[in-house]
Amino acid sequence: TSIPPKEDTNEGVDAPQGMRLNKYIAHCGICSRRKAAEYIQEGLVTVNGKVINEIGHRVMEDDEVTFRGKVVKPETNKVYILLNKPKGFATTTSEGKGRTVMDLVANATSSRIKPIGRLGRNSTGLLLFTNDESVHEKFTNSKNGVARLFQVELDKNLKYEDLKQIKEGFKIDGKLISVLDISYIDGAPKNEIGLKIKNTGNSIIRTIFEHFKYDLIKVDCVMIAELTKKDIPRGHWKHLTEQEVNNLKML
C-alpha cells in the first residue's frame, strides 16, 4: 500500500484539494494565518459571493475570494527587503501612527510586505520585510525563532553579577526569561552591551534591563541571523540576494 502525501505537501490553489482559506488569505499578503482565521470568523471573507466562516474551507483555483469587499489573490512573487531603521519611525503597518517603517520601504516594491518583529520608535537597526508567510512564521515562532544581535547602551555600567544572571536566565513574575548570549563589547565602556535573543519584539530588552534597575539609552539591531548592516546606510534598504534568502530558509 502506498502512503498518501501529507495534506500540506505542495499545497496550492491549483492542488486537487485546494488551499485552506486562512492560508489563502495569508498568502495574499494581508496578514498572518492566525489573524486571517479571526477575520474569517468575523465574516469579513467571502468565497464566490458567500460569507465563509470556516477556517479550513478549501479554496479552488477558479474560486473568487474577497476580503472586506475587495477581490484578493495570492502573491506569487516573493519579496525580501532588509531595512536599516533610523529613529522616529514606528514598526507598524497601521495608518494614523505618524511616521512608520512602511514609509521608508514604500518605493521598494508593489507587493504587500510587512515587517517581521518590532523595533521601538526610538530603536534603530535591521528590520526584515517580506510577503513570504512561511519565512514570517519561521521568524515569529517563539520556539524556533531566528537570532537577532543587538548593541545596547545603558544609563550606567552593567554589573558583572547582573550580566551573569541575565546570561544564566532568571524569572519575572514566575516566567523564565532567557537570552542566547550577552557580553560586554570589546574596547567599549561597561554600559555598552551585546545581546543576542530570538524574541521578535524589543520590549523584552527593556523588560530585562529594567528588572535589574537599568534604563535603556540606545537599542540597535546589528544582525538578523547572518544578515548585517554592511552597505545599508541608516534609513536605506536593500533586496536580499537569492543566496541570502536561501540561507534564511535553511535556518
# chains A, B, ... in the order shown; residues from 1 in each chain; ligands from 1
>>> closest_atom_pairs(of="region 74-122 of chain A", to="region 220-236 of chain A", cutoff="6 Å", atoms="only C-alpha atoms", output="tab-separated table")
residue	atom	partner	partner_atom	distance
A:Leu83	CA	A:His236	CA	6.0
A:Asn84	CA	A:Arg234	CA	5.0
A:Lys85	CA	A:Gly235	CA	5.3
A:Pro86	CA	A:Gly235	CA	5.3
>>> closest_residue(among="A:Cys28, A:Ala106, A:Ile55, A:Ile113", to="Glu42 (chain A)", atoms="only C-alpha atoms")
A:Ile55
>>> residues_around(residues="Asn122 (chain A)", least_positions_apart="2", cutoff="10 Å", atoms="only C-alpha atoms", output="list in words")
Lys85, Pro86, Lys87, Gly88, Phe89, Ala90, Leu119, Gly120, Thr124, Ile217, Lys218, Val219 and Asp220 of chain A
>>> closest_residue(among="A:Phe67, A:Ile182, A:Val59, A:Ser111", to="Ile40 (chain A)", atoms="only C-alpha atoms")
A:Phe67
>>> select_by_dssp(residues="region 1-250 of chain A", states="strand (DSSP E)", output="short mmCIF file (atom, residue, chain, number, x, y, z; two decimals) with all heavy atoms, in the first residue's frame")
data_model
loop_
_atom_site.label_atom_id
_atom_site.label_comp_id
_atom_site.auth_asym_id
_atom_site.auth_seq_id
_atom_site.Cartn_x
_atom_site.Cartn_y
_atom_site.Cartn_z
N MET A 19 -6.60 25.04 -1.28
CA MET A 19 -5.82 25.61 -0.18
C MET A 19 -6.77 26.05 0.93
O MET A 19 -7.84 26.61 0.67
CB MET A 19 -5.02 26.83 -0.68
CG MET A 19 -4.14 27.48 0.38
SD MET A 19 -3.35 29.02 -0.18
CE MET A 19 -2.16 28.39 -1.37
N ARG A 20 -6.37 25.81 2.18
CA ARG A 20 -7.19 26.25 3.31
C ARG A 20 -7.40 27.76 3.24
O ARG A 20 -6.49 28.51 2.88
CB ARG A 20 -6.51 25.89 4.63
CG ARG A 20 -6.56 24.40 4.97
CD ARG A 20 -5.69 24.09 6.17
NE ARG A 20 -6.11 24.83 7.35
CZ ARG A 20 -6.99 24.40 8.25
NH1 ARG A 20 -7.58 23.21 8.08
NH2 ARG A 20 -7.31 25.12 9.30
N VAL A 45 -14.69 37.59 5.07
CA VAL A 45 -14.20 36.91 3.87
C VAL A 45 -15.35 36.20 3.16
O VAL A 45 -16.17 35.53 3.80
CB VAL A 45 -13.11 35.88 4.25
CG1 VAL A 45 -12.64 35.12 3.02
CG2 VAL A 45 -11.93 36.58 4.93
N THR A 46 -15.40 36.34 1.83
CA THR A 46 -16.39 35.60 1.04
C THR A 46 -15.67 34.75 0.01
O THR A 46 -14.56 35.08 -0.44
CB THR A 46 -17.37 36.53 0.29
OG1 THR A 46 -16.67 37.19 -0.78
CG2 THR A 46 -17.98 37.58 1.22
N VAL A 47 -16.30 33.64 -0.36
CA VAL A 47 -15.82 32.80 -1.46
C VAL A 47 -16.99 32.65 -2.42
O VAL A 47 -18.07 32.18 -2.05
CB VAL A 47 -15.37 31.41 -0.95
CG1 VAL A 47 -14.90 30.55 -2.14
CG2 VAL A 47 -14.24 31.56 0.06
N LYS A 50 -20.24 34.22 -1.18
CA LYS A 50 -20.86 33.71 0.03
C LYS A 50 -19.89 33.86 1.21
O LYS A 50 -18.72 33.50 1.11
CB LYS A 50 -21.23 32.23 -0.14
CG LYS A 50 -21.90 31.61 1.08
CD LYS A 50 -22.20 30.13 0.82
CE LYS A 50 -22.81 29.48 2.06
NZ LYS A 50 -23.06 28.03 1.86
N VAL A 51 -20.39 34.43 2.32
CA VAL A 51 -19.56 34.56 3.51
C VAL A 51 -19.22 33.17 4.04
O VAL A 51 -20.11 32.34 4.24
CB VAL A 51 -20.30 35.37 4.61
CG1 VAL A 51 -19.47 35.37 5.90
CG2 VAL A 51 -20.53 36.81 4.15
N ARG A 58 -11.81 24.88 1.75
CA ARG A 58 -10.82 24.74 0.68
C ARG A 58 -11.14 25.67 -0.49
O ARG A 58 -12.24 25.65 -1.03
CB ARG A 58 -10.78 23.29 0.20
CG ARG A 58 -10.24 22.32 1.25
CD ARG A 58 -8.73 22.43 1.35
NE ARG A 58 -8.21 21.68 2.49
CZ ARG A 58 -6.92 21.53 2.74
NH1 ARG A 58 -6.03 22.05 1.93
NH2 ARG A 58 -6.52 20.85 3.79
N VAL A 59 -10.15 26.46 -0.86
CA VAL A 59 -10.29 27.39 -1.98
C VAL A 59 -9.68 26.73 -3.22
O VAL A 59 -8.52 26.32 -3.21
CB VAL A 59 -9.56 28.72 -1.70
CG1 VAL A 59 -9.71 29.66 -2.88
CG2 VAL A 59 -10.12 29.36 -0.43
N VAL A 65 -12.27 35.02 -4.19
CA VAL A 65 -12.23 35.31 -2.75
C VAL A 65 -12.16 36.82 -2.54
O VAL A 65 -11.40 37.52 -3.23
CB VAL A 65 -11.02 34.63 -2.08
CG1 VAL A 65 -10.96 34.96 -0.59
CG2 VAL A 65 -11.06 33.13 -2.30
N THR A 66 -12.98 37.33 -1.62
CA THR A 66 -12.91 38.75 -1.29
C THR A 66 -12.61 38.92 0.20
O THR A 66 -12.99 38.09 1.03
CB THR A 66 -14.21 39.51 -1.61
OG1 THR A 66 -15.22 39.14 -0.67
CG2 THR A 66 -14.68 39.23 -3.03
N PHE A 67 -11.91 40.00 0.52
CA PHE A 67 -11.65 40.39 1.91
C PHE A 67 -12.08 41.84 2.06
O PHE A 67 -11.61 42.71 1.32
CB PHE A 67 -10.17 40.24 2.24
CG PHE A 67 -9.79 40.79 3.60
CD1 PHE A 67 -10.25 40.17 4.76
CD2 PHE A 67 -9.00 41.92 3.72
CE1 PHE A 67 -9.92 40.67 6.01
CE2 PHE A 67 -8.67 42.42 4.96
CZ PHE A 67 -9.13 41.80 6.11
N LYS A 70 -13.14 43.40 -1.26
CA LYS A 70 -12.21 43.50 -2.39
C LYS A 70 -11.68 42.12 -2.75
O LYS A 70 -11.33 41.33 -1.87
CB LYS A 70 -11.03 44.42 -2.04
CG LYS A 70 -11.43 45.89 -1.90
CD LYS A 70 -10.19 46.75 -1.68
CE LYS A 70 -10.57 48.22 -1.60
NZ LYS A 70 -9.37 49.09 -1.40
N VAL A 71 -11.61 41.84 -4.06
CA VAL A 71 -11.08 40.56 -4.53
C VAL A 71 -9.59 40.48 -4.20
O VAL A 71 -8.84 41.44 -4.43
CB VAL A 71 -11.30 40.39 -6.05
CG1 VAL A 71 -10.63 39.11 -6.54
CG2 VAL A 71 -12.79 40.38 -6.38
N TYR A 80 11.83 40.06 -0.32
CA TYR A 80 12.54 40.09 0.95
C TYR A 80 13.38 41.36 1.00
O TYR A 80 14.30 41.53 0.19
CB TYR A 80 13.44 38.87 1.11
CG TYR A 80 12.74 37.56 0.78
CD1 TYR A 80 12.68 37.11 -0.53
CD2 TYR A 80 12.14 36.80 1.77
CE1 TYR A 80 12.02 35.92 -0.85
CE2 TYR A 80 11.48 35.62 1.47
CZ TYR A 80 11.42 35.20 0.16
OH TYR A 80 10.78 34.02 -0.15
N ILE A 81 13.06 42.26 1.91
CA ILE A 81 13.72 43.57 1.97
C ILE A 81 14.28 43.79 3.37
O ILE A 81 13.61 43.56 4.37
CB ILE A 81 12.72 44.69 1.60
CG1 ILE A 81 12.38 44.58 0.12
CG2 ILE A 81 13.29 46.07 1.92
CD1 ILE A 81 11.19 45.38 -0.31
N LEU A 82 15.52 44.24 3.42
CA LEU A 82 16.20 44.50 4.69
C LEU A 82 16.40 46.00 4.84
O LEU A 82 17.02 46.65 4.00
CB LEU A 82 17.55 43.78 4.71
CG LEU A 82 18.31 43.76 6.04
CD1 LEU A 82 17.51 43.01 7.11
CD2 LEU A 82 19.68 43.11 5.86
N LEU A 83 15.86 46.56 5.91
CA LEU A 83 15.92 48.00 6.18
C LEU A 83 16.85 48.26 7.36
O LEU A 83 16.87 47.51 8.33
CB LEU A 83 14.52 48.52 6.53
CG LEU A 83 14.41 49.94 7.10
CD1 LEU A 83 14.68 50.98 6.01
CD2 LEU A 83 13.04 50.17 7.73
N ASN A 84 17.62 49.35 7.26
CA ASN A 84 18.39 49.85 8.40
C ASN A 84 17.60 51.01 8.98
O ASN A 84 17.68 52.14 8.51
CB ASN A 84 19.79 50.29 7.96
CG ASN A 84 20.68 50.65 9.13
OD1 ASN A 84 20.24 50.69 10.27
ND2 ASN A 84 21.94 50.95 8.84
N LYS A 85 16.80 50.71 9.99
CA LYS A 85 15.82 51.66 10.51
C LYS A 85 16.48 52.80 11.30
O LYS A 85 17.29 52.57 12.18
CB LYS A 85 14.83 50.93 11.41
CG LYS A 85 13.79 51.82 12.08
CD LYS A 85 13.00 51.02 13.10
CE LYS A 85 12.09 51.89 13.94
NZ LYS A 85 12.76 52.91 14.72
N LYS A 114 5.29 43.10 4.91
CA LYS A 114 5.10 43.55 6.30
C LYS A 114 6.36 43.24 7.08
O LYS A 114 7.12 42.31 6.73
CB LYS A 114 3.88 42.88 6.93
CG LYS A 114 3.93 41.36 6.95
CD LYS A 114 2.63 40.79 7.48
CE LYS A 114 2.65 39.25 7.42
NZ LYS A 114 1.41 38.64 7.90
N PRO A 115 6.61 44.00 8.13
CA PRO A 115 7.82 43.77 8.92
C PRO A 115 7.71 42.51 9.77
O PRO A 115 6.61 42.14 10.20
CB PRO A 115 7.92 45.02 9.80
CG PRO A 115 6.50 45.50 9.92
CD PRO A 115 5.83 45.15 8.62
N THR A 124 16.91 51.53 16.64
CA THR A 124 17.46 51.59 15.28
C THR A 124 17.94 50.20 14.86
O THR A 124 17.99 49.27 15.65
CB THR A 124 18.64 52.57 15.21
OG1 THR A 124 19.66 52.13 16.14
CG2 THR A 124 18.22 53.99 15.57
N GLY A 125 18.30 50.10 13.57
CA GLY A 125 18.92 48.88 13.10
C GLY A 125 18.08 48.06 12.15
O GLY A 125 17.12 48.56 11.55
N LEU A 126 18.44 46.81 12.03
CA LEU A 126 17.91 45.94 10.98
C LEU A 126 16.47 45.50 11.24
O LEU A 126 16.12 45.10 12.34
CB LEU A 126 18.80 44.72 10.81
CG LEU A 126 20.22 45.00 10.31
CD1 LEU A 126 21.01 43.70 10.24
CD2 LEU A 126 20.20 45.68 8.95
N LEU A 127 15.68 45.55 10.17
CA LEU A 127 14.30 45.10 10.19
C LEU A 127 14.04 44.44 8.85
O LEU A 127 14.31 45.03 7.80
CB LEU A 127 13.37 46.28 10.41
CG LEU A 127 11.93 46.01 10.82
CD1 LEU A 127 11.85 45.22 12.13
CD2 LEU A 127 11.16 47.32 10.94
N LEU A 128 13.51 43.22 8.89
CA LEU A 128 13.27 42.46 7.66
C LEU A 128 11.79 42.51 7.29
O LEU A 128 10.93 42.35 8.16
CB LEU A 128 13.72 41.01 7.85
CG LEU A 128 13.64 40.08 6.64
CD1 LEU A 128 14.53 40.56 5.51
CD2 LEU A 128 14.02 38.66 7.05
N PHE A 129 11.52 42.73 6.01
CA PHE A 129 10.15 42.77 5.49
C PHE A 129 9.99 41.66 4.45
O PHE A 129 10.90 41.40 3.66
CB PHE A 129 9.86 44.10 4.78
CG PHE A 129 9.93 45.31 5.66
CD1 PHE A 129 11.14 45.81 6.11
CD2 PHE A 129 8.77 45.98 6.03
CE1 PHE A 129 11.21 46.94 6.89
CE2 PHE A 129 8.82 47.11 6.82
CZ PHE A 129 10.04 47.59 7.26
N THR A 130 8.81 41.05 4.40
CA THR A 130 8.54 40.06 3.36
C THR A 130 7.05 39.84 3.19
O THR A 130 6.26 40.20 4.07
CB THR A 130 9.23 38.71 3.69
OG1 THR A 130 9.07 37.81 2.59
CG2 THR A 130 8.61 38.08 4.94
N ARG A 148 18.64 37.42 16.74
CA ARG A 148 18.96 38.80 16.41
C ARG A 148 19.98 39.31 17.43
O ARG A 148 19.87 39.04 18.62
CB ARG A 148 17.71 39.68 16.44
CG ARG A 148 16.65 39.27 15.44
CD ARG A 148 15.59 40.35 15.25
NE ARG A 148 14.91 40.66 16.50
CZ ARG A 148 14.15 41.75 16.67
NH1 ARG A 148 14.03 42.63 15.69
NH2 ARG A 148 13.55 41.96 17.82
N LEU A 149 20.97 40.06 16.93
CA LEU A 149 22.01 40.61 17.79
C LEU A 149 21.81 42.11 17.94
O LEU A 149 21.69 42.83 16.94
CB LEU A 149 23.40 40.33 17.20
CG LEU A 149 24.59 40.91 17.97
CD1 LEU A 149 24.69 40.30 19.36
CD2 LEU A 149 25.89 40.69 17.19
N PHE A 150 21.76 42.57 19.19
CA PHE A 150 21.56 43.99 19.49
C PHE A 150 22.78 44.56 20.19
O PHE A 150 23.44 43.88 20.99
CB PHE A 150 20.35 44.18 20.41
CG PHE A 150 19.03 43.88 19.78
CD1 PHE A 150 18.53 42.59 19.74
CD2 PHE A 150 18.27 44.90 19.22
CE1 PHE A 150 17.30 42.31 19.17
CE2 PHE A 150 17.04 44.64 18.64
CZ PHE A 150 16.55 43.34 18.61
N GLN A 151 23.07 45.84 19.89
CA GLN A 151 24.00 46.60 20.70
C GLN A 151 23.16 47.54 21.56
O GLN A 151 22.36 48.31 21.05
CB GLN A 151 24.97 47.39 19.82
CG GLN A 151 26.02 46.50 19.16
CD GLN A 151 27.07 47.29 18.41
OE1 GLN A 151 27.01 48.51 18.32
NE2 GLN A 151 28.05 46.59 17.86
N VAL A 152 23.33 47.42 22.86
CA VAL A 152 22.51 48.15 23.82
C VAL A 152 23.39 49.09 24.64
O VAL A 152 24.45 48.70 25.12
CB VAL A 152 21.78 47.17 24.76
CG1 VAL A 152 20.95 47.92 25.79
CG2 VAL A 152 20.90 46.22 23.95
N GLU A 153 22.95 50.34 24.80
CA GLU A 153 23.64 51.29 25.68
C GLU A 153 22.75 51.56 26.88
O GLU A 153 21.57 51.89 26.73
CB GLU A 153 23.94 52.59 24.94
CG GLU A 153 24.73 53.58 25.78
CD GLU A 153 25.03 54.88 25.03
OE1 GLU A 153 25.06 54.86 23.78
OE2 GLU A 153 25.24 55.91 25.72
N LEU A 154 23.31 51.42 28.08
CA LEU A 154 22.58 51.61 29.33
C LEU A 154 22.95 52.94 29.98
O LEU A 154 23.96 53.57 29.63
CB LEU A 154 22.88 50.46 30.29
CG LEU A 154 22.62 49.05 29.76
CD1 LEU A 154 23.10 48.02 30.77
CD2 LEU A 154 21.16 48.85 29.42
N PHE A 170 16.66 34.05 34.29
CA PHE A 170 16.05 34.46 35.56
C PHE A 170 14.53 34.54 35.34
O PHE A 170 14.05 34.44 34.21
CB PHE A 170 16.59 35.83 36.00
CG PHE A 170 16.34 36.93 35.01
CD1 PHE A 170 15.25 37.80 35.17
CD2 PHE A 170 17.16 37.11 33.89
CE1 PHE A 170 15.01 38.80 34.24
CE2 PHE A 170 16.92 38.11 32.97
CZ PHE A 170 15.83 38.96 33.14
N LYS A 171 13.80 34.73 36.42
CA LYS A 171 12.34 34.75 36.33
C LYS A 171 11.78 36.12 36.67
O LYS A 171 12.28 36.80 37.58
CB LYS A 171 11.73 33.69 37.24
CG LYS A 171 11.94 32.27 36.76
CD LYS A 171 11.18 31.26 37.61
CE LYS A 171 11.33 29.84 37.05
NZ LYS A 171 10.57 28.85 37.84
N ILE A 172 10.75 36.52 35.92
CA ILE A 172 9.97 37.72 36.23
C ILE A 172 8.52 37.27 36.34
O ILE A 172 7.97 36.72 35.39
CB ILE A 172 10.12 38.80 35.14
CG1 ILE A 172 11.57 39.27 35.03
CG2 ILE A 172 9.20 39.99 35.44
CD1 ILE A 172 11.79 40.32 33.95
N LYS A 175 7.84 33.79 35.24
CA LYS A 175 8.14 33.42 33.86
C LYS A 175 9.64 33.47 33.62
O LYS A 175 10.29 34.47 33.92
CB LYS A 175 7.42 34.36 32.89
CG LYS A 175 7.65 34.02 31.43
CD LYS A 175 6.91 34.99 30.52
CE LYS A 175 7.16 34.66 29.05
NZ LYS A 175 6.48 35.63 28.14
N LEU A 176 10.19 32.38 33.06
CA LEU A 176 11.63 32.32 32.80
C LEU A 176 12.00 33.23 31.63
O LEU A 176 11.40 33.18 30.56
CB LEU A 176 12.05 30.88 32.48
CG LEU A 176 13.54 30.68 32.16
CD1 LEU A 176 14.39 30.99 33.39
CD2 LEU A 176 13.81 29.25 31.67
N ILE A 177 12.97 34.10 31.86
CA ILE A 177 13.50 34.98 30.82
C ILE A 177 14.89 34.48 30.45
O ILE A 177 15.77 34.41 31.30
CB ILE A 177 13.59 36.44 31.30
CG1 ILE A 177 12.24 36.93 31.84
CG2 ILE A 177 14.10 37.34 30.19
CD1 ILE A 177 11.14 37.00 30.81
N ASP A 181 22.74 34.96 24.31
CA ASP A 181 24.08 35.36 24.78
C ASP A 181 24.03 36.84 25.19
O ASP A 181 23.19 37.60 24.71
CB ASP A 181 25.11 35.17 23.67
CG ASP A 181 26.54 35.16 24.21
OD1 ASP A 181 26.71 35.08 25.44
OD2 ASP A 181 27.48 35.24 23.39
N ILE A 182 24.92 37.21 26.07
CA ILE A 182 25.09 38.61 26.48
C ILE A 182 26.54 38.81 26.86
O ILE A 182 27.15 37.92 27.47
CB ILE A 182 24.15 39.00 27.64
CG1 ILE A 182 24.33 40.48 28.00
CG2 ILE A 182 24.34 38.10 28.85
CD1 ILE A 182 23.30 41.01 28.99
N SER A 183 27.12 39.95 26.48
CA SER A 183 28.53 40.19 26.80
C SER A 183 28.82 41.68 26.73
O SER A 183 28.07 42.45 26.12
CB SER A 183 29.44 39.45 25.81
OG SER A 183 29.26 39.95 24.50
N TYR A 184 29.91 42.08 27.38
CA TYR A 184 30.42 43.43 27.20
C TYR A 184 30.99 43.53 25.78
O TYR A 184 31.41 42.53 25.19
CB TYR A 184 31.52 43.73 28.22
CG TYR A 184 31.05 43.72 29.66
CD1 TYR A 184 31.53 42.76 30.55
CD2 TYR A 184 30.15 44.68 30.14
CE1 TYR A 184 31.12 42.75 31.88
CE2 TYR A 184 29.73 44.67 31.47
CZ TYR A 184 30.21 43.70 32.32
OH TYR A 184 29.79 43.68 33.62
N GLU A 192 27.93 49.52 27.51
CA GLU A 192 27.60 49.13 26.14
C GLU A 192 27.67 47.60 26.06
O GLU A 192 28.71 47.00 26.31
CB GLU A 192 28.54 49.79 25.14
CG GLU A 192 28.39 51.31 25.11
CD GLU A 192 29.24 51.98 24.06
OE1 GLU A 192 29.64 51.28 23.09
OE2 GLU A 192 29.52 53.18 24.20
N ILE A 193 26.53 47.01 25.69
CA ILE A 193 26.36 45.57 25.81
C ILE A 193 25.92 44.96 24.49
O ILE A 193 25.15 45.55 23.74
CB ILE A 193 25.27 45.27 26.88
CG1 ILE A 193 25.55 46.02 28.19
CG2 ILE A 193 25.14 43.76 27.12
CD1 ILE A 193 26.87 45.67 28.84
N GLY A 194 26.42 43.75 24.23
CA GLY A 194 25.92 42.95 23.10
C GLY A 194 24.92 41.93 23.62
O GLY A 194 25.20 41.24 24.61
N LEU A 195 23.75 41.85 23.00
CA LEU A 195 22.70 40.95 23.47
C LEU A 195 22.10 40.20 22.29
O LEU A 195 21.64 40.82 21.33
CB LEU A 195 21.60 41.76 24.18
CG LEU A 195 20.41 40.96 24.71
CD1 LEU A 195 20.82 40.10 25.89
CD2 LEU A 195 19.27 41.90 25.11
N LYS A 196 22.12 38.87 22.37
CA LYS A 196 21.56 38.05 21.29
C LYS A 196 20.31 37.35 21.82
O LYS A 196 20.35 36.66 22.84
CB LYS A 196 22.57 37.01 20.80
CG LYS A 196 22.08 36.19 19.61
CD LYS A 196 23.11 35.17 19.15
CE LYS A 196 24.26 35.81 18.41
NZ LYS A 196 25.14 34.77 17.79
N ILE A 197 19.18 37.55 21.11
CA ILE A 197 17.91 36.96 21.52
C ILE A 197 17.17 36.42 20.30
O ILE A 197 17.45 36.80 19.16
CB ILE A 197 17.00 37.97 22.25
CG1 ILE A 197 16.71 39.18 21.34
CG2 ILE A 197 17.62 38.42 23.57
CD1 ILE A 197 15.71 40.15 21.93
N LEU A 216 17.40 52.06 29.38
CA LEU A 216 17.97 51.96 28.04
C LEU A 216 18.20 53.35 27.46
O LEU A 216 17.31 54.19 27.46
CB LEU A 216 17.01 51.18 27.11
CG LEU A 216 16.82 49.70 27.39
CD1 LEU A 216 15.81 49.12 26.42
CD2 LEU A 216 18.13 48.94 27.29
N ILE A 217 19.39 53.56 26.96
CA ILE A 217 19.71 54.81 26.25
C ILE A 217 19.61 54.59 24.74
O ILE A 217 19.09 55.43 24.01
CB ILE A 217 21.14 55.29 26.61
CG1 ILE A 217 21.27 55.47 28.12
CG2 ILE A 217 21.46 56.58 25.86
CD1 ILE A 217 20.32 56.48 28.72
N LYS A 218 20.09 53.43 24.31
CA LYS A 218 20.10 53.15 22.86
C LYS A 218 19.94 51.65 22.62
O LYS A 218 20.50 50.84 23.35
CB LYS A 218 21.41 53.64 22.24
CG LYS A 218 21.47 53.57 20.73
CD LYS A 218 22.71 54.26 20.18
CE LYS A 218 23.94 53.40 20.35
NZ LYS A 218 25.14 53.96 19.68
N VAL A 219 19.15 51.31 21.59
CA VAL A 219 18.99 49.91 21.17
C VAL A 219 19.17 49.87 19.66
O VAL A 219 18.45 50.55 18.92
CB VAL A 219 17.59 49.35 21.54
CG1 VAL A 219 17.42 47.94 20.98
CG2 VAL A 219 17.39 49.35 23.04
N ASP A 220 20.13 49.07 19.19
CA ASP A 220 20.44 49.00 17.77
C ASP A 220 20.56 47.53 17.36
O ASP A 220 21.41 46.80 17.89
CB ASP A 220 21.75 49.74 17.49
CG ASP A 220 22.05 49.86 15.99
OD1 ASP A 220 21.10 50.04 15.20
OD2 ASP A 220 23.24 49.77 15.63
N CYS A 221 19.71 47.08 16.44
CA CYS A 221 19.80 45.71 15.93
C CYS A 221 20.86 45.66 14.84
O CYS A 221 20.71 46.29 13.78
CB CYS A 221 18.45 45.25 15.38
SG CYS A 221 18.47 43.54 14.78
N VAL A 222 21.94 44.92 15.07
CA VAL A 222 23.07 44.92 14.15
C VAL A 222 23.16 43.64 13.30
O VAL A 222 23.87 43.61 12.29
CB VAL A 222 24.41 45.13 14.90
CG1 VAL A 222 24.42 46.51 15.54
CG2 VAL A 222 24.61 44.05 15.96
N MET A 223 22.43 42.58 13.70
CA MET A 223 22.42 41.35 12.90
C MET A 223 21.08 40.64 13.05
O MET A 223 20.50 40.62 14.14
CB MET A 223 23.53 40.39 13.34
CG MET A 223 24.92 40.74 12.88
SD MET A 223 26.14 39.43 13.28
CE MET A 223 25.71 38.15 12.11
N ILE A 224 20.60 40.09 11.95
CA ILE A 224 19.46 39.17 11.96
C ILE A 224 19.96 37.89 11.31
O ILE A 224 20.28 37.89 10.12
CB ILE A 224 18.26 39.72 11.17
CG1 ILE A 224 17.75 41.02 11.79
CG2 ILE A 224 17.14 38.69 11.10
CD1 ILE A 224 16.61 41.67 11.00
N LEU A 227 22.52 38.14 8.51
CA LEU A 227 22.38 39.40 7.79
C LEU A 227 22.93 40.55 8.62
O LEU A 227 22.65 40.65 9.81
CB LEU A 227 20.91 39.66 7.46
CG LEU A 227 20.19 38.60 6.62
CD1 LEU A 227 18.70 38.91 6.53
CD2 LEU A 227 20.80 38.53 5.22
N THR A 228 23.72 41.43 7.98
CA THR A 228 24.32 42.57 8.69
C THR A 228 23.94 43.88 7.99
O THR A 228 23.31 43.89 6.93
CB THR A 228 25.85 42.45 8.71
OG1 THR A 228 26.36 42.68 7.38
CG2 THR A 228 26.29 41.08 9.21
N TRP A 237 17.45 50.73 2.43
CA TRP A 237 17.07 49.32 2.40
C TRP A 237 17.72 48.64 1.21
O TRP A 237 18.26 49.30 0.32
CB TRP A 237 15.55 49.17 2.32
CG TRP A 237 14.91 49.97 1.20
CD1 TRP A 237 14.35 51.21 1.30
CD2 TRP A 237 14.82 49.62 -0.18
NE1 TRP A 237 13.91 51.65 0.08
CE2 TRP A 237 14.18 50.69 -0.86
CE3 TRP A 237 15.21 48.50 -0.93
CZ2 TRP A 237 13.92 50.67 -2.24
CZ3 TRP A 237 14.96 48.49 -2.30
CH2 TRP A 237 14.32 49.57 -2.93
N LYS A 238 17.65 47.31 1.20
CA LYS A 238 18.12 46.55 0.04
C LYS A 238 17.27 45.29 -0.10
O LYS A 238 16.67 44.80 0.86
CB LYS A 238 19.59 46.15 0.19
CG LYS A 238 19.82 45.02 1.18
CD LYS A 238 21.21 44.40 1.01
CE LYS A 238 21.36 43.12 1.82
NZ LYS A 238 22.61 42.42 1.57
N HIS A 239 17.18 44.77 -1.32
CA HIS A 239 16.56 43.46 -1.56
C HIS A 239 17.59 42.39 -1.22
O HIS A 239 18.77 42.51 -1.57
CB HIS A 239 16.14 43.32 -3.03
CG HIS A 239 14.94 44.13 -3.40
ND1 HIS A 239 13.66 43.68 -3.22
CD2 HIS A 239 14.83 45.38 -3.91
CE1 HIS A 239 12.79 44.59 -3.63
NE2 HIS A 239 13.49 45.64 -4.04
#
>>> closest_residue(among="A:Asp132, A:Asp215, A:Asp62, A:Glu137", to="Val245 (chain A)", atoms="only C-alpha atoms")
A:Asp132
>>> decode(residues="region 187-196 of chain A", atoms="N, CA and C atoms", output="short mmCIF file (atom, residue, chain, number, x, y, z; two decimals), in the first residue's frame")
data_model
loop_
_atom_site.label_atom_id
_atom_site.label_comp_id
_atom_site.auth_asym_id
_atom_site.auth_seq_id
_atom_site.Cartn_x
_atom_site.Cartn_y
_atom_site.Cartn_z
N GLY A 187 36.56 46.83 24.05
CA GLY A 187 37.06 48.18 23.84
C GLY A 187 36.06 49.28 24.12
N ALA A 188 34.87 48.92 24.61
CA ALA A 188 33.82 49.91 24.88
C ALA A 188 33.57 49.99 26.38
N PRO A 189 32.94 51.07 26.83
CA PRO A 189 32.59 51.17 28.26
C PRO A 189 31.65 50.04 28.68
N LYS A 190 31.59 49.79 29.99
CA LYS A 190 30.80 48.66 30.50
C LYS A 190 29.29 48.90 30.44
N ASN A 191 28.88 50.07 29.94
CA ASN A 191 27.44 50.31 29.77
C ASN A 191 27.00 50.01 28.34
N GLU A 192 27.93 49.52 27.51
CA GLU A 192 27.60 49.13 26.14
C GLU A 192 27.67 47.60 26.06
N ILE A 193 26.53 47.01 25.69
CA ILE A 193 26.36 45.57 25.81
C ILE A 193 25.92 44.96 24.49
N GLY A 194 26.42 43.75 24.23
CA GLY A 194 25.92 42.95 23.10
C GLY A 194 24.92 41.93 23.62
N LEU A 195 23.75 41.85 23.00
CA LEU A 195 22.70 40.95 23.47
C LEU A 195 22.10 40.20 22.29
N LYS A 196 22.12 38.87 22.37
CA LYS A 196 21.56 38.05 21.29
C LYS A 196 20.31 37.35 21.82
#
